[in-house]
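Student: Next up is a structure, given as structure tokens.
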Amino acid sequence: MRIISSLTTTLSIAVALLGSTGDAAFFRTLVNRSSLDIRQQCGSVPGACNQNGCQGTNGLYGETGICNGNFQGCACASVCGFTSGPCNQNSCQGINALGGQLGVCTAGDFNGCQCASVCGATNGPCNSNGCEGVNGVCTAGDFNGCACN
């Protein structure tokens, strides 16, 4: 949808710049055909967000996701279960949540899915374990999103 929206915006600008209805009509036809090609590429049944080069962001609660890779802008079937495991495993690169709440994966097959936070009951140091803490919260590494001292 993003691609189609930007094509429509491009069309509007081009029509204003061209001025001539003949040139504008030709350009409109060209853009409409491109939009149709993009929609046809998606297919009628969304594939899994983690397959076929989709590189999708899954819907958090199993809702339809959206592809970012070869099929950018197309819908994809979420592969989220209840959780995708710990936020620091399975290429999840998750952002943990405090207090035992569920975090969210930012990469890999489970991008956009919930993950089990690995924050402990005791805050670790902000300057070790890849934490890169800022204002008492880790901003990187296995403990991204966890509190730190």
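By convention in this document, the chains of the structure tokens carry letters A, B, ... by their order, each chain's residues are numbered from 1, and ligands are numbered from 1 in the order they are shown.
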Compile a residue-level contact table for stretch 75-117 of chain A against stretch 41-49 of chain A at a cut-off of 6 Å, reporting for every qualifying residue the shortest atom pair and its distance in Å to one decimal, with only C-alpha atoms counted, rows ordered by chain and ascending number, as a tab-separated table.

Tutor:
residue	atom	partner	partner_atom	distance
A:Ala75	CA	A:Pro46	CA	5.7
A:Cys76	CA	A:Pro46	CA	4.6
A:Ala77	CA	A:Ala48	CA	4.5
A:Ser78	CA	A:Cys49	CA	5.7

Student: Between atom CA of A:Gly145 and atom CA of A:Asn68, measure the distance and give it in Å to one decimal.

Tutor: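 Result for atom CA of A:Gly145 versus atom CA of A:Asn68: 24.4 Å, one decimal.
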
Student: Return the single residue from A:Cys87, A:Cys105, A:Ala121, A:Cys80 that is closest to A:Cys148, with distances computed using only C-alpha atoms.

Tutor: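 Among the listed residues, A:Ala121 lies closest to A:Cys148.
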
Student: Have a look at A:Cys74, A:Gly112, A:Asn149, A:Gly124 and name the one nearest to A:Gly136; count only C-alpha atoms.

Tutor: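 For A:Gly136, the nearest of the given residues is A:Asn149.
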
Student: Give me the residues within 9 Å of A:Leu60 as a list of chain:residue names, counting only C-alpha atoms and dropping any in the same chain fewer than 3 places off.

Tutor: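 Neighbouring residues, sequence-local ones excluded: A:Thr57, A:Glu63, A:Thr64, A:Gly65, A:Ser78, A:Cys80, A:Val104, A:Asn111, A:Gly112, A:Cys113, A:Gln114.
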
Student: Enter the distance from atom CA of A:Asn58 to atom CA of A:Cys146, in Å, rounded to one decimal.

Tutor: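 Atom CA of A:Cys146 lies at a distance of 23.1 Å from atom CA of A:Asn58.
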
Student: Skip A:Val137 itself and residues of its chain fewer than 4 positions away, then list as a PyMOL selection string all residues within 12 Å of it, counting only C-alpha atoms.

Tutor: chain A and resi 95-98+119+123-127+130-133+141+143-149

Student: Kindly give the distance, in Å, that separates atom CA of A:Asn135 and atom CA of A:Ala116, rounded to a single decimal.

Tutor: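 Interatomic distance here is 23.1 Å.
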
Student: Please give the complete set of residues from stretch 27-144 of chain A that DSSP, run on the backbone, assigns to strand (DSSP E), formatted as a PyMOL selection string.

Tutor: chain A and resi 65-66+75-76+102-104+114-116
